[in-house]
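Asks: Below is the structure I would like to discuss, written out as structure tokens.
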Amino acid sequence: MFREFVLDLRNIFGFSDKSTVFHNIDPRIKMTYTLLTILVAASINNIITLLILVALNLILIIIGKIPISKLVSTFRGLLVFSALILIINIALRVVLSWLSLTTVSLTEIFYSVGTAITRLILVALSLIVLIDTTTPREVVQGLASLGISYRYLYSIVLLFRFIPIIFDEILSIYDAQRSRGIELEKVGLIEKIKRLKSIIIPAFVCSLLRAKDLYEALELRGFGYSKKRTFYNQLKITSKDVFFIGFIIVIYGLCFFIQPFIT
Amino acid sequence: MAKIIVSVEGLTYNYPKTKTPALINVNMDVSEGEFVVIAGPSGGGKSTLCRVLTGLIPHSYGGELRGSVYINGINVAEKGPRSIVGLVGTVFQVPENQIVNLIVEEELAFTLENLNIDPSIIRDRIDQVMKELGIEHLRKRNTLELSGGEAQKVLIASVLALKPKILLLDEPLAHLDPYSAANLINLLNELNKKDNITIIVFEHRLSDIVKYADKLIVLNKTITMSGQPRDIVRELIIKGDQSIETPVTAELSHKIGLSKIVLDIDEFINETNLMRSPHSYDCRNYTSFDEDTSNEDGDKVIVIRDLWYEYPNNKVALRNINLEVNRGEVIALIGANGAGKTTLLKHLNGLLKPTRGIVTVYGHDTRGKSVTELSNYVGIVFQTPLHQFFEETVIDEVLVAAKIRNIPNAYEKALNLLKFLGIDHLAEKSPFELSVGEQRRLAIASILIYDPPILVLDEPTAGLDKGWKSEIAELLNQLLKNGKTIIIATHDIEFLTSLYVSRVIVMNKGEIITSGSPRRVLYQYEKLVSSHVIPPQIIQITRKLALDNVFKPLRTSEFLELIRTARCKSV
């Protein structure tokens, strides 16, 4: 379980170095697309419209040849959240009905839980497109072109570069500890929490050592040397970008306006 | 006379809050275009001096620095690392910790961008440096997917893109397998000879690199020796220095009384008159050495049949592995990084379960047993000791595995074990305060405490200097006498020759390429080379002398013995 969980997280955080249609779209456009998706997902309450949007984004993902394993990892990760939404929703409604504030029907619960989960999936899909086909540095470059200082932005790059490394390290630590009999899975909750320190402490120590190395590397390579910096490849919005975002705006706009009519 | 480009005078340095200095009165000069190797024991101040030369000390570390450090006329101790960006390219020990970006191309641009250089110039430089280092195929690759050797090359490319005058490397070979290490050393030599870049390498494994050096410096808090590599290596050998690994050819040329110390195999062949046809020796009666020590009929403690393993991302890591391990054997797994050694080891205690095939340990199928149960038979010591330590003291760390198993008299046993390993005086210290060699032994102790009959070690010599290595070898030989079965995965092939290995197994791309007694396997030159394994130097020499069809020495002492007896009978 622990192993699969960490591997999924690692997989979600990875950029895939293949070249797809989405790889060539301007990072600012892709960020706008993700932002629009989040806005639309938040403002639409109709499950059918949301499902249409999910289908549309899935088509985009298939066209973009984003690895299926990434989708699987993401959905497995979302399962936990989905279960939480379900439990909280039911609990909340049951409590409310006890207090006789509202009446509750099972269909209603399922409808609202379904809507929430579909919304979550929709947002996740657009994030996959962004994360999988944009390097964090391109995001930095995109935001820097809007005038935000690269010194703060570069922590995004470091996050994406080092989180997978740290996850791998946690797995190695987990294996090393299990090899001398520190089992995390088949023990009670309290013992489990106690034993978790056998993972957390080595992971912390190793990460500190990495952080020191990284700090030195940044220092020696002139990071923060001057207030402004150049980027070796210039960003330019092309007709392809305009077409893509125009298409998204039209579709999302349509969905937004027709949703009151769908029942 | 070439211009002095690095000048250190009267350098003494104390880290903050320490009384004993890390460096004492260091004086050295490096001329432009020189290739300098700085060797010395671990803890002798190599990393400290390297950080002084980059300006990180005292700029980022604080502490008290006396004396002067000038790089190309810049007072770097005063002005800090930013004063020499672009002039000095630095690469430290762990490649993956120094790569900042996710794409190789972005990494190469990184420093140039920071220095505000024009994008079109950056693009030209990237193209140029990729071509020079032959890494164009890596351009769009994710830096997380690079091998150690590739990562090291990308880092070097990223500093070369700045066109530095000096390249500074701190133990660049430590995380590479010997094959990648040899590649890197050749690259450094080329950069030095062709582009006249000054190279300064801090390294204690001199074997392959020292032949290219113009100057060898030995640092142990202060500079104890400095001069022509041949002279310094001779002194090291005469003194019997245990901290620095010298080339086997140097030791041989000293022992057979050549007039000069030879640092390179080809030169050794030329220098010796052994080149004469082997038929001029009557070698029929040469001393025979212990042959196959493996007992094929012993108790089989591990049996692996048709093992395949596929990672969740569908990458096949092991292909059709068949292996039987007898009680009391010492088995060595060799192969380049990524050959599947660690993946195979993880099957021995059930950390990984076969995708296909079967692994049994003392008759138990690993698929039906938990890791904890299997760990009672197979104790694995992994490559990085720091991945284990979480207790406050050394003794508590040893006791962890004993407590889980409710071993009686654990405390006394732990103390005895620490004594056996020679680290009992450290029992109350924090594991994090120990030296790398001590940490390695503590990691072994934390497994030995529950006395598993099979001990598995993954790269037990990683990061250790020669002295620590021979102590680990001694320890393993002792454990073998006590009846343990030992399995070692390593690319430190010279280390293997100091053990009583019964069988060597060569792996490449998840497959067993060949296996058998060390003498049989290590002389299969072509198979080793195609598996990216570099045979021990003694074997390369014997082979180049075309003597390998006559005798097959593994160690320097055997080689000398053979030469002696062969000479006696020369016709």
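Here, A, B, ... name the chains of the structure tokens in the order displayed, residue numbers run from 1 inside each chain, and ligands are numbered from 1 in the same displayed order.
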Tell me the residues of chain A close to chain B, meaning within 7 Å using only C-alpha atoms, as a ChimeraX atom specification.
Replies: /A:17,135,157-158,161,173,175-181,183,198,201-202,210,213-214,217,220-226,228-233
Asks: Hey, what's within 7 Å of stretch 37-42 of chain B if we count only C-alpha atoms and toss same-chain stuff fewer than 3 positions away? As a PyMOL selection string, please?
Replies: chain B and resi 46+200-204+213+215-220+243-244+465
Asks: So that I have them on file, write out the residues from the current selection with N, CA and C atoms, as a PDB file, in the first residue's frame.
Replies:
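Output file result_30.pdb is given in full below:
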```
ATOM      1  N   LYS B  46      39.728  17.469   2.110  1.00  0.00           N
ATOM      2  CA  LYS B  46      39.593  17.655   0.660  1.00  0.00           C
ATOM      3  C   LYS B  46      38.383  18.515   0.318  1.00  0.00           C
ATOM      4  N   ILE B 200      41.353  20.641 -11.639  1.00  0.00           N
ATOM      5  CA  ILE B 200      41.723  20.308 -10.260  1.00  0.00           C
ATOM      6  C   ILE B 200      40.714  19.279  -9.760  1.00  0.00           C
ATOM      7  N   VAL B 201      41.193  18.076  -9.444  1.00  0.00           N
ATOM      8  CA  VAL B 201      40.300  17.011  -9.007  1.00  0.00           C
ATOM      9  C   VAL B 201      40.666  16.581  -7.592  1.00  0.00           C
ATOM     10  N   PHE B 202      39.683  16.554  -6.710  1.00  0.00           N
ATOM     11  CA  PHE B 202      39.889  16.010  -5.371  1.00  0.00           C
ATOM     12  C   PHE B 202      39.430  14.558  -5.405  1.00  0.00           C
ATOM     13  N   GLU B 203      40.311  13.619  -5.136  1.00  0.00           N
ATOM     14  CA  GLU B 203      39.938  12.212  -5.313  1.00  0.00           C
ATOM     15  C   GLU B 203      40.934  11.331  -4.561  1.00  0.00           C
ATOM     16  N   HIS B 204      40.416  10.274  -3.896  1.00  0.00           N
ATOM     17  CA  HIS B 204      41.372   9.373  -3.245  1.00  0.00           C
ATOM     18  C   HIS B 204      41.571   8.081  -4.039  1.00  0.00           C
ATOM     19  N   ALA B 213      47.698  13.137 -14.616  1.00  0.00           N
ATOM     20  CA  ALA B 213      47.982  14.324 -13.805  1.00  0.00           C
ATOM     21  C   ALA B 213      49.378  14.867 -14.041  1.00  0.00           C
ATOM     22  N   LYS B 215      50.453  17.036 -11.659  1.00  0.00           N
ATOM     23  CA  LYS B 215      50.911  17.227 -10.292  1.00  0.00           C
ATOM     24  C   LYS B 215      49.991  16.473  -9.355  1.00  0.00           C
ATOM     25  N   LEU B 216      50.579  15.845  -8.331  1.00  0.00           N
ATOM     26  CA  LEU B 216      49.777  15.141  -7.331  1.00  0.00           C
ATOM     27  C   LEU B 216      50.060  15.766  -5.964  1.00  0.00           C
ATOM     28  N   ILE B 217      48.980  16.122  -5.286  1.00  0.00           N
ATOM     29  CA  ILE B 217      49.130  16.740  -3.971  1.00  0.00           C
ATOM     30  C   ILE B 217      48.443  15.844  -2.953  1.00  0.00           C
ATOM     31  N   VAL B 218      49.083  15.594  -1.829  1.00  0.00           N
ATOM     32  CA  VAL B 218      48.433  14.813  -0.772  1.00  0.00           C
ATOM     33  C   VAL B 218      48.072  15.747   0.367  1.00  0.00           C
ATOM     34  N   LEU B 219      46.794  15.738   0.710  1.00  0.00           N
ATOM     35  CA  LEU B 219      46.289  16.666   1.727  1.00  0.00           C
ATOM     36  C   LEU B 219      45.795  15.875   2.926  1.00  0.00           C
ATOM     37  N   ASN B 220      46.385  16.158   4.076  1.00  0.00           N
ATOM     38  CA  ASN B 220      45.849  15.621   5.317  1.00  0.00           C
ATOM     39  C   ASN B 220      45.902  16.768   6.323  1.00  0.00           C
ATOM     40  N   SER B 243      45.337   5.139   2.949  1.00  0.00           N
ATOM     41  CA  SER B 243      44.157   5.964   2.681  1.00  0.00           C
ATOM     42  C   SER B 243      43.972   6.253   1.206  1.00  0.00           C
ATOM     43  N   ILE B 244      45.022   6.098   0.424  1.00  0.00           N
ATOM     44  CA  ILE B 244      44.941   6.488  -0.981  1.00  0.00           C
ATOM     45  C   ILE B 244      45.151   5.268  -1.874  1.00  0.00           C
ATOM     46  N   ASP B 465      37.473   4.825   1.849  1.00  0.00           N
ATOM     47  CA  ASP B 465      38.837   4.841   1.327  1.00  0.00           C
ATOM     48  C   ASP B 465      39.489   3.474   1.558  1.00  0.00           C
TER      49      ASP B 465
END
```
Asks: If we count only C-alpha atoms, what is near A:Glu4 at a cut-off of 12 Å, once residues fewer than 6 positions away on the same chain are taken out, given as a short mmCIF file (atom, residue, chain, number, x, y, z; two decimals) with C-alpha atoms, in the first residue's frame?
Replies:
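Result file follows (part-v8.cif):
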```cif
data_model
loop_
_atom_site.label_atom_id
_atom_site.label_comp_id
_atom_site.auth_asym_id
_atom_site.auth_seq_id
_atom_site.Cartn_x
_atom_site.Cartn_y
_atom_site.Cartn_z
CA ARG A 10 5.87 10.28 -7.86
CA ASN A 11 4.23 9.46 -11.15
CA VAL A 72 -4.48 5.73 -13.59
CA SER A 73 -2.14 7.12 -10.92
CA ARG A 76 -6.11 6.18 -7.77
CA GLY A 77 -4.92 9.22 -5.86
CA PHE A 167 9.85 9.96 -2.89
CA ASP A 168 12.35 7.49 -4.32
CA LEU A 171 10.96 4.07 -0.76
CA TYR B 311 8.45 -2.89 -12.52
CA PRO B 312 4.98 -1.31 -12.36
CA ASN B 313 5.96 0.92 -15.29
#
```
Asks: Report as a ChimeraX atom specification all protein, DNA and RNA residues lying within 8 Å of B:Glu392, evaluated on only C-alpha atoms, omitting residues in the same chain fewer than 5 positions from it.
Replies: /B:397,429-431
Asks: Distance atom CA of B:Pro21-atom CA of B:Asn75, one decimal place?
Replies: 21.3 Å
Asks: Using only C-alpha atoms, determine which residues lie at most 8 Å from stretch 48-58 of chain A, disregarding the query and same-chain residues fewer than 6 positions distant; provide the list as a VMD selection string.
Replies: chain A and resid 41 115 118 to 119 121 to 122 125 to 126 252 255 259 262 to 263
Asks: Residues of the last selection are to be written out with N, CA and C atoms, as a PDB file, in the first residue's frame.
Replies:
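selection05.pdb was written with the following content:
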```
ATOM      1  N   ALA A  41     -15.448  24.644 -13.682  1.00  0.00           N
ATOM      2  CA  ALA A  41     -15.816  23.536 -12.802  1.00  0.00           C
ATOM      3  C   ALA A  41     -16.478  24.057 -11.532  1.00  0.00           C
ATOM      4  N   THR A 115     -21.644  15.071  -8.285  1.00  0.00           N
ATOM      5  CA  THR A 115     -21.250  16.360  -8.849  1.00  0.00           C
ATOM      6  C   THR A 115     -19.869  16.772  -8.330  1.00  0.00           C
ATOM      7  N   THR A 118     -17.154  14.597  -9.910  1.00  0.00           N
ATOM      8  CA  THR A 118     -16.956  14.928 -11.325  1.00  0.00           C
ATOM      9  C   THR A 118     -16.165  16.229 -11.466  1.00  0.00           C
ATOM     10  N   ARG A 119     -16.511  17.182 -10.604  1.00  0.00           N
ATOM     11  CA  ARG A 119     -15.811  18.462 -10.604  1.00  0.00           C
ATOM     12  C   ARG A 119     -14.319  18.257 -10.345  1.00  0.00           C
ATOM     13  N   ILE A 121     -12.583  15.553 -10.804  1.00  0.00           N
ATOM     14  CA  ILE A 121     -11.953  14.870 -11.939  1.00  0.00           C
ATOM     15  C   ILE A 121     -11.636  15.876 -13.048  1.00  0.00           C
ATOM     16  N   LEU A 122     -12.587  16.769 -13.293  1.00  0.00           N
ATOM     17  CA  LEU A 122     -12.406  17.763 -14.351  1.00  0.00           C
ATOM     18  C   LEU A 122     -11.168  18.623 -14.079  1.00  0.00           C
ATOM     19  N   LEU A 125      -7.984  16.612 -14.550  1.00  0.00           N
ATOM     20  CA  LEU A 125      -7.613  16.385 -15.951  1.00  0.00           C
ATOM     21  C   LEU A 125      -6.851  17.577 -16.527  1.00  0.00           C
ATOM     22  N   SER A 126      -7.351  18.777 -16.237  1.00  0.00           N
ATOM     23  CA  SER A 126      -6.680  19.943 -16.814  1.00  0.00           C
ATOM     24  C   SER A 126      -5.306  20.136 -16.180  1.00  0.00           C
ATOM     25  N   TYR A 252     -16.287  26.061 -23.447  1.00  0.00           N
ATOM     26  CA  TYR A 252     -16.614  26.291 -22.040  1.00  0.00           C
ATOM     27  C   TYR A 252     -17.774  27.284 -21.921  1.00  0.00           C
ATOM     28  N   CYS A 255     -21.015  25.552 -22.767  1.00  0.00           N
ATOM     29  CA  CYS A 255     -21.434  24.706 -21.645  1.00  0.00           C
ATOM     30  C   CYS A 255     -22.027  25.551 -20.532  1.00  0.00           C
ATOM     31  N   GLN A 259     -26.159  25.183 -19.639  1.00  0.00           N
ATOM     32  CA  GLN A 259     -26.394  24.285 -18.508  1.00  0.00           C
ATOM     33  C   GLN A 259     -27.739  24.474 -17.807  1.00  0.00           C
ATOM     34  N   ILE A 262     -30.207  22.085 -19.371  1.00  0.00           N
ATOM     35  CA  ILE A 262     -30.046  20.623 -19.317  1.00  0.00           C
ATOM     36  C   ILE A 262     -30.558  20.123 -17.975  1.00  0.00           C
ATOM     37  N   THR A 263     -31.380  19.097 -18.014  1.00  0.00           N
ATOM     38  CA  THR A 263     -31.851  18.557 -16.738  1.00  0.00           C
ATOM     39  C   THR A 263     -31.543  17.070 -16.651  1.00  0.00           C
TER      40      THR A 263
END
```
Asks: Applying 10 Å and only C-alpha atoms, which residues near A:His23 remain after dropping the ones on its own chain fewer than 2 positions away? List them as a list in words.
Replies: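 Once the nearby chain positions are removed, what remains is Ser16, Asp17, Lys18, Ser19, Thr20, Val21, Ile25, Asp26, Pro27, Lys30, Gly64, Val129, Leu130, Asp132, Thr133, Thr134 and Thr135 of chain A.
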Asks: Of the candidates A:Tyr174, A:Phe256, A:Phe5, A:Phe110, which shows the shortest atom-to-atom distance to A:Val80, using only C-alpha atoms?
Replies: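 Between A:Tyr174, A:Phe256, A:Phe5, A:Phe110, the residue approaching A:Val80 most closely is A:Phe5.
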Asks: Just the number, please: distance in Å from atom CA of B:Lys79 to atom CA of B:His59, one decimal.
Replies: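 Distance reported for this atom pair: 8.0 Å.
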Asks: Atom CA of B:Glu433 and atom CA of B:Asn14 are how many Å apart?
Replies: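 Computing the Euclidean distance for atom CA of B:Glu433 and atom CA of B:Asn14 yields 18.1 Å.
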